file run.cif (mmCIF, C-alpha atoms)
data_entry
loop_
_atom_site.group_PDB
_atom_site.id
_atom_site.type_symbol
_atom_site.label_atom_id
_atom_site.label_comp_id
_atom_site.auth_asym_id
_atom_site.auth_seq_id
_atom_site.Cartn_x
_atom_site.Cartn_y
_atom_site.Cartn_z
ATOM 1 C CA THR B 1 127.089 44.966 179.587
ATOM 2 C CA TRP B 2 128.962 47.959 178.241
ATOM 3 C CA ARG B 3 128.586 49.839 174.970
ATOM 4 C CA TYR B 4 130.953 52.506 173.643
ATOM 5 C CA LYS B 5 129.203 55.889 173.441
ATOM 6 C CA ARG B 6 131.835 58.421 172.338
ATOM 7 C CA ASN B 7 134.977 60.092 173.569
ATOM 8 C CA ALA B 8 134.449 62.569 176.389
ATOM 9 C CA VAL B 9 135.108 66.205 175.485
ATOM 10 C CA ILE B 10 137.710 67.529 177.920
ATOM 11 C CA ASN B 11 137.637 71.325 177.645
ATOM 12 C CA TYR B 12 141.087 71.837 179.093
ATOM 13 C CA PRO B 13 142.571 75.252 178.162
ATOM 14 C CA HIS B 14 145.319 73.592 176.114
ATOM 15 C CA SER B 15 143.138 70.832 174.677
ATOM 16 C CA GLY B 16 144.139 71.818 171.126
ATOM 17 C CA ASP B 17 147.595 70.427 171.906
ATOM 18 C CA ASN B 18 147.351 66.799 170.824
ATOM 19 C CA SER B 19 150.398 65.845 172.894
ATOM 20 C CA ILE B 20 148.495 66.324 176.191
ATOM 21 C CA THR B 21 147.482 63.058 177.830
ATOM 22 C CA TYR B 22 144.855 62.449 180.506
ATOM 23 C CA TRP B 23 145.339 59.910 183.297
ATOM 24 C CA ALA B 24 143.413 58.319 186.153
ATOM 25 C CA PRO B 25 140.055 60.184 186.287
ATOM 26 C CA ASP B 26 138.113 60.176 189.550
ATOM 27 C CA VAL B 27 134.428 60.908 188.821
ATOM 28 C CA PHE B 28 131.442 61.307 191.163
ATOM 29 C CA PHE B 29 128.084 63.099 191.444
ATOM 30 C CA HIS B 30 127.294 65.834 193.987
ATOM 31 C CA GLU B 31 124.405 68.328 194.090
ATOM 32 C CA GLU B 32 123.284 67.979 190.470
ATOM 33 C CA THR B 33 126.842 68.168 189.121
ATOM 34 C CA TRP B 34 129.371 65.591 188.026
ATOM 35 C CA HIS B 35 132.915 66.288 189.221
ATOM 36 C CA MET B 36 136.100 64.868 187.750
ATOM 37 C CA TYR B 37 139.649 65.172 189.090
ATOM 38 C CA LEU B 38 141.972 64.299 186.240
ATOM 39 C CA THR B 39 145.743 63.974 185.991
ATOM 40 C CA ILE B 40 147.066 66.189 183.170
ATOM 41 C CA VAL B 41 150.387 65.303 181.515
ATOM 42 C CA PRO B 42 151.566 67.929 178.991
ATOM 43 C CA GLY B 43 153.045 65.497 176.494
ATOM 44 C CA VAL B 44 154.408 62.020 175.908
ATOM 45 C CA PHE B 45 157.919 61.802 177.337
ATOM 46 C CA THR B 46 160.834 59.383 177.544
ATOM 47 C CA ASP B 47 161.486 60.172 181.223
ATOM 48 C CA TRP B 48 159.608 61.308 184.359
ATOM 49 C CA ALA B 49 161.247 64.741 184.687
ATOM 50 C CA HIS B 50 158.229 66.639 183.327
ATOM 51 C CA PRO B 51 155.255 68.167 185.175
ATOM 52 C CA ARG B 52 151.930 66.447 185.784
ATOM 53 C CA THR B 53 149.103 68.073 187.673
ATOM 54 C CA ILE B 54 145.578 67.311 188.879
ATOM 55 C CA ALA B 55 142.783 69.429 187.391
ATOM 56 C CA HIS B 56 139.123 69.786 188.384
ATOM 57 C CA PHE B 57 136.353 69.536 185.765
ATOM 58 C CA THR B 58 132.550 69.637 186.062
ATOM 59 C CA SER B 59 129.759 68.333 183.832
ATOM 60 C CA THR B 60 126.003 67.893 183.669
ATOM 61 C CA ASP B 61 126.084 64.888 181.325
ATOM 62 C CA MET B 62 129.456 63.152 181.936
ATOM 63 C CA LEU B 63 130.315 63.686 178.259
ATOM 64 C CA SER B 64 131.338 67.348 177.988
ATOM 65 C CA TRP B 65 133.616 68.563 180.787
ATOM 66 C CA HIS B 66 134.207 72.199 181.844
ATOM 67 C CA TYR B 67 137.636 73.065 183.262
ATOM 68 C CA GLU B 68 137.422 74.619 186.737
ATOM 69 C CA SER B 69 141.028 74.834 187.934
ATOM 70 C CA THR B 70 144.375 73.141 188.387
ATOM 71 C CA LEU B 71 144.817 72.219 192.032
ATOM 72 C CA LYS B 72 147.681 73.649 194.081
ATOM 73 C CA LEU B 73 149.029 70.548 195.783
ATOM 74 C CA ALA B 74 152.447 69.555 197.152
ATOM 75 C CA ASN B 75 154.170 70.203 193.806
ATOM 76 C CA GLU B 76 153.618 69.849 190.049
ATOM 77 C CA LYS B 77 154.433 66.145 189.857
ATOM 78 C CA VAL B 78 151.261 64.611 191.298
ATOM 79 C CA ILE B 79 148.926 61.923 189.939
ATOM 80 C CA ASP B 80 146.028 59.596 190.843
ATOM 81 C CA ALA B 81 143.396 61.659 192.694
ATOM 82 C CA ASP B 82 140.770 59.888 194.820
ATOM 83 C CA VAL B 83 138.117 62.031 196.566
ATOM 84 C CA ILE B 84 135.796 61.012 199.420
ATOM 85 C CA ALA B 85 133.187 62.892 201.451
ATOM 86 C CA LEU B 86 134.202 63.481 205.076
ATOM 87 C CA PRO B 87 131.751 62.378 207.784
ATOM 88 C CA ASP B 88 131.416 65.879 209.303
ATOM 89 C CA GLY B 89 131.232 67.715 205.967
ATOM 90 C CA GLY B 90 133.794 68.625 203.374
ATOM 91 C CA TRP B 91 135.979 66.417 201.229
ATOM 92 C CA ARG B 92 139.359 64.686 201.311
ATOM 93 C CA MET B 93 141.547 63.887 198.324
ATOM 94 C CA PHE B 94 144.272 61.273 198.434
ATOM 95 C CA TYR B 95 146.894 61.447 195.683
ATOM 96 C CA ASN B 96 150.392 60.313 194.745
ATOM 97 C CA ASN B 97 153.308 62.708 195.273
ATOM 98 C CA GLU B 98 155.944 61.375 192.915
ATOM 99 C CA PRO B 99 159.033 63.405 194.022
ATOM 100 C CA ASP B 100 158.577 62.206 197.618
ATOM 101 C CA GLY B 101 159.329 58.597 196.744
ATOM 102 C CA LYS B 102 155.833 58.154 195.275
ATOM 103 C CA SER B 103 154.232 58.632 198.690
ATOM 104 C CA VAL B 104 150.500 59.121 199.282
ATOM 105 C CA TYR B 105 149.542 62.686 200.279
ATOM 106 C CA TYR B 106 146.151 64.252 200.983
ATOM 107 C CA ALA B 107 144.291 67.564 200.743
ATOM 108 C CA ASP B 108 140.978 68.803 202.181
ATOM 109 C CA SER B 109 138.214 71.005 200.752
ATOM 110 C CA ASP B 110 134.967 72.511 202.019
ATOM 111 C CA ASP B 111 133.416 72.921 198.574
ATOM 112 C CA LEU B 112 135.282 70.742 195.992
ATOM 113 C CA TYR B 113 136.692 73.892 194.352
ATOM 114 C CA HIS B 114 139.290 75.128 196.869
ATOM 115 C CA TRP B 115 141.810 72.677 198.345
ATOM 116 C CA GLN B 116 144.316 72.863 201.194
ATOM 117 C CA ASP B 117 147.191 70.427 201.033
ATOM 118 C CA LYS B 118 147.738 68.548 204.311
ATOM 119 C CA GLY B 119 150.962 66.705 203.508
ATOM 120 C CA LYS B 120 151.857 63.033 203.668
ATOM 121 C CA ALA B 121 149.332 60.430 204.792
ATOM 122 C CA GLN B 122 150.474 58.340 207.754
ATOM 123 C CA LEU B 123 151.044 55.105 205.858
ATOM 124 C CA ALA B 124 153.684 52.486 206.534
ATOM 125 C CA SER B 125 154.718 52.223 202.881
ATOM 126 C CA ARG B 126 154.748 54.072 199.574
ATOM 127 C CA GLY B 127 152.373 53.465 196.692
ATOM 128 C CA GLU B 128 150.167 54.941 193.986
ATOM 129 C CA GLY B 129 146.553 54.817 192.818
ATOM 130 C CA PRO B 130 145.064 55.251 196.329
ATOM 131 C CA VAL B 131 141.364 54.519 196.820
ATOM 132 C CA ALA B 132 139.476 55.248 200.064
ATOM 133 C CA PHE B 133 136.020 54.042 201.121
ATOM 134 C CA LYS B 134 133.799 53.357 204.154
ATOM 135 C CA TRP B 135 132.909 49.725 204.866
ATOM 136 C CA GLN B 136 131.868 47.676 207.920
ATOM 137 C CA GLY B 137 132.335 50.571 210.352
ATOM 138 C CA TYR B 138 135.858 51.522 209.255
ATOM 139 C CA TRP B 139 137.572 53.680 206.677
ATOM 140 C CA TRP B 140 139.738 51.717 204.269
ATOM 141 C CA LEU B 141 142.550 52.836 201.981
ATOM 142 C CA ILE B 142 143.954 50.545 199.299
ATOM 143 C CA VAL B 143 147.199 51.507 197.548
ATOM 144 C CA ASP B 144 149.093 49.958 194.639
ATOM 145 C CA ALA B 145 152.386 48.924 196.295
ATOM 146 C CA TRP B 146 153.847 47.367 193.114
ATOM 147 C CA ARG B 147 153.816 43.904 194.750
ATOM 148 C CA GLY B 148 150.077 43.707 195.104
ATOM 149 C CA LEU B 149 147.705 46.061 196.901
ATOM 150 C CA ALA B 150 148.487 47.354 200.404
ATOM 151 C CA VAL B 151 145.379 47.619 202.606
ATOM 152 C CA TYR B 152 144.997 50.123 205.468
ATOM 153 C CA ARG B 153 142.218 50.584 208.025
ATOM 154 C CA SER B 154 141.332 53.667 210.089
ATOM 155 C CA ASN B 155 138.747 54.973 212.544
ATOM 156 C CA ASP B 156 139.410 58.633 211.746
ATOM 157 C CA LEU B 157 140.874 58.928 208.207
ATOM 158 C CA THR B 158 144.165 60.112 209.763
ATOM 159 C CA ARG B 159 145.806 57.212 211.626
ATOM 160 C CA TRP B 160 146.118 54.182 209.334
ATOM 161 C CA GLU B 161 146.917 50.594 210.336
ATOM 162 C CA GLN B 162 148.316 48.416 207.562
ATOM 163 C CA GLN B 163 146.650 45.031 207.293
ATOM 164 C CA THR B 164 148.626 41.799 206.933
ATOM 165 C CA GLY B 165 149.640 40.767 203.436
ATOM 166 C CA TYR B 166 148.886 42.259 200.019
ATOM 167 C CA LEU B 167 145.774 41.729 197.919
ATOM 168 C CA LEU B 168 146.388 40.253 194.456
ATOM 169 C CA ALA B 169 150.090 39.789 195.182
ATOM 170 C CA ASP B 170 150.093 36.599 193.116
ATOM 171 C CA PRO B 171 149.288 36.696 189.410
ATOM 172 C CA GLY B 172 145.915 35.401 188.319
ATOM 173 C CA THR B 173 145.301 32.624 185.807
ATOM 174 C CA GLY B 174 143.174 34.499 183.266
ATOM 175 C CA LYS B 175 144.366 35.505 179.794
ATOM 176 C CA ASP B 176 144.965 39.136 180.796
ATOM 177 C CA ASP B 177 145.700 38.553 184.482
ATOM 178 C CA GLY B 178 149.288 37.304 184.432
ATOM 179 C CA ILE B 179 150.853 39.787 186.868
ATOM 180 C CA ASN B 180 149.942 41.060 190.328
ATOM 181 C CA GLY B 181 147.059 43.491 190.685
ATOM 182 C CA GLY B 182 147.530 47.270 190.467
ATOM 183 C CA HIS B 183 145.645 50.607 190.482
ATOM 184 C CA PRO B 184 142.396 49.519 192.162
ATOM 185 C CA ASP B 185 138.957 50.943 192.677
ATOM 186 C CA VAL B 186 136.257 49.734 195.060
ATOM 187 C CA VAL B 187 132.468 49.822 194.856
ATOM 188 C CA VAL B 188 130.503 49.146 198.065
ATOM 189 C CA GLU B 189 126.977 47.832 197.540
ATOM 190 C CA ASN B 190 124.668 46.005 199.961
ATOM 191 C CA ASP B 191 127.453 45.593 202.542
ATOM 192 C CA ARG B 192 129.782 43.949 200.026
ATOM 193 C CA ALA B 193 132.960 45.555 198.693
ATOM 194 C CA TRP B 194 133.819 44.863 195.049
ATOM 195 C CA LEU B 195 137.438 45.408 194.007
ATOM 196 C CA PHE B 196 138.297 46.301 190.411
ATOM 197 C CA TYR B 197 141.961 46.393 189.462
ATOM 198 C CA PHE B 198 144.418 46.856 186.651
#

call {"tool": "encode", "arguments": {"input": "run.cif", "output": "structure tokens"}}
result
Amino acid sequence: TWRYKRNAVINYPHSGDNSITYWAPDVFFHEETWHMYLTIVPGVFTDWAHPRTIAHFTSTDMLSWHYESTLKLANEKVIDADVIALPDGGWRMFYNNEPDGKSVYYADSDDLYHWQDKGKAQLASRGEGPVAFKWQGYWWLIVDAWRGLAVYRSNDLTRWEQQTGYLLADPGTGKDDGINGGHPDVVVENDRAWLFYF
């Protein structure tokens, strides 16, 4: 059961510009602080030739967000951050690099504030909206492949094996479920993985 609370306050340096739009937030809690990695688009455009970046925000209440930085990634046309904790410490972010054929790239950080881009993830296909998680002894990465969701499995978060078929490749039968599934997220609870999708 969900109840609207209020709009989040995004204290981005140019937040007075009403043409800025915010996309695809990735939010999680770590050491008494909420972190959000948010795609920033500086306007509403008729083409895809304009910049879009991923910015880091922090909060203590998930309602008011303090701008930390804009990440230096592969270029300034990146979207769809997804951050996971690495098993030996540190963090990994998967994201979509649009100029490279909308391929999935990744970056690593020791502290969530400073990131080093590592280049293209070793995936067999392109896609957007990546989401990574640990489940049943493996790492999994699910990517919107525009014909359903491509599923990858890995032992080390580096070498990825694509699984057969695509999740939600066929449209559903519900009122608002008439096309294939896109832009997923996954919640793992009590050994079950729950997939939410657009």

call {"tool": "resolve_selection", "arguments": {"input": "run.cif", "expression": "the PyMOL selection byres ((chain B and resi 135-147) around 8)", "output": "PyMOL selection string"}}
result
chain B and resi 125-134+148-157+166+169+180-184+188+191+193

call {"tool": "atom_distance", "arguments": {"input": "run.cif", "atom1": "CA of Asp177 in chain B", "atom2": "CA of Ala24 in chain B"}}
result
20.0 Å

call {"tool": "resolve_selection", "arguments": {"input": "run.cif", "expression": "the PyMOL selection byres ((chain B and resi 67) around 7)", "output": "PyMOL selection string"}}
result
chain B and resi 11-12+56-58+65-66+68-69

call {"tool": "atom_distance", "arguments": {"input": "run.cif", "atom1": "CA of Gly89 in chain B", "atom2": "CA of Leu73 in chain B"}}
result
20.7 Å

call {"tool": "closest_residue", "arguments": {"input": "run.cif", "among": "B:Ala124, B:Leu168, B:Leu63, B:Ile79", "to": "Ala8 in chain B", "atoms": "only C-alpha atoms"}}
result
B:Leu63

call {"tool": "axis_aligned_box", "arguments": {"input": "run.cif", "around": "range 57-68 of chain B", "padding_each_side": "3 Å", "output": "lines of an AutoDock Vina configuration file"}}
result
center_x = 131.8
center_y = 68.9
center_z = 182.4
size_x = 17.6
size_y = 17.5
size_z = 14.7

call {"tool": "closest_residue", "arguments": {"input": "run.cif", "among": "B:Arg92, B:Met62, B:Ile84, B:Phe29", "to": "Asn7 in chain B", "atoms": "only C-alpha atoms"}}
result
B:Met62

call {"tool": "closest_residue", "arguments": {"input": "run.cif", "among": "B:Val78, B:Ile10, B:Leu112, B:Val186", "to": "Asn96 in chain B", "atoms": "all atoms listed in the file"}}
result
B:Val78

call {"tool": "closest_residue", "arguments": {"input": "run.cif", "among": "B:Val104, B:Val187, B:Val83, B:Ala121", "to": "Phe28 in chain B", "atoms": "only C-alpha atoms"}}
result
B:Val83

call {"tool": "atom_distance", "arguments": {"input": "run.cif", "atom1": "CA of Pro99 in chain B", "atom2": "CA of Leu195 in chain B"}}
result
28.1 Å

call {"tool": "closest_residue", "arguments": {"input": "run.cif", "among": "B:Asp61, B:Lys72, B:Thr158, B:Lys77", "to": "Gln116 in chain B", "atoms": "all atoms listed in the file"}}
result
B:Lys72

call {"tool": "closest_residue", "arguments": {"input": "run.cif", "among": "B:Arg3, B:Ala55, B:Arg159, B:His50", "to": "Trp23 in chain B", "atoms": "all atoms listed in the file"}}
result
B:Ala55

call {"tool": "residues_around", "arguments": {"input": "run.cif", "residues": "Asp26 in chain B", "least_positions_apart": "4", "cutoff": "10 Å", "atoms": "all atoms listed in the file", "output": "JSON, numbers by chain"}}
result
{"B": [35, 36, 37, 38, 39, 56, 80, 81, 82, 83, 131, 185]}

call {"tool": "resolve_selection", "arguments": {"input": "run.cif", "expression": "the PyMOL selection byres ((chain B and resi 52) around 6)", "output": "VMD selection string"}}
result
chain B and resid 40 to 41 51 53 76 to 78
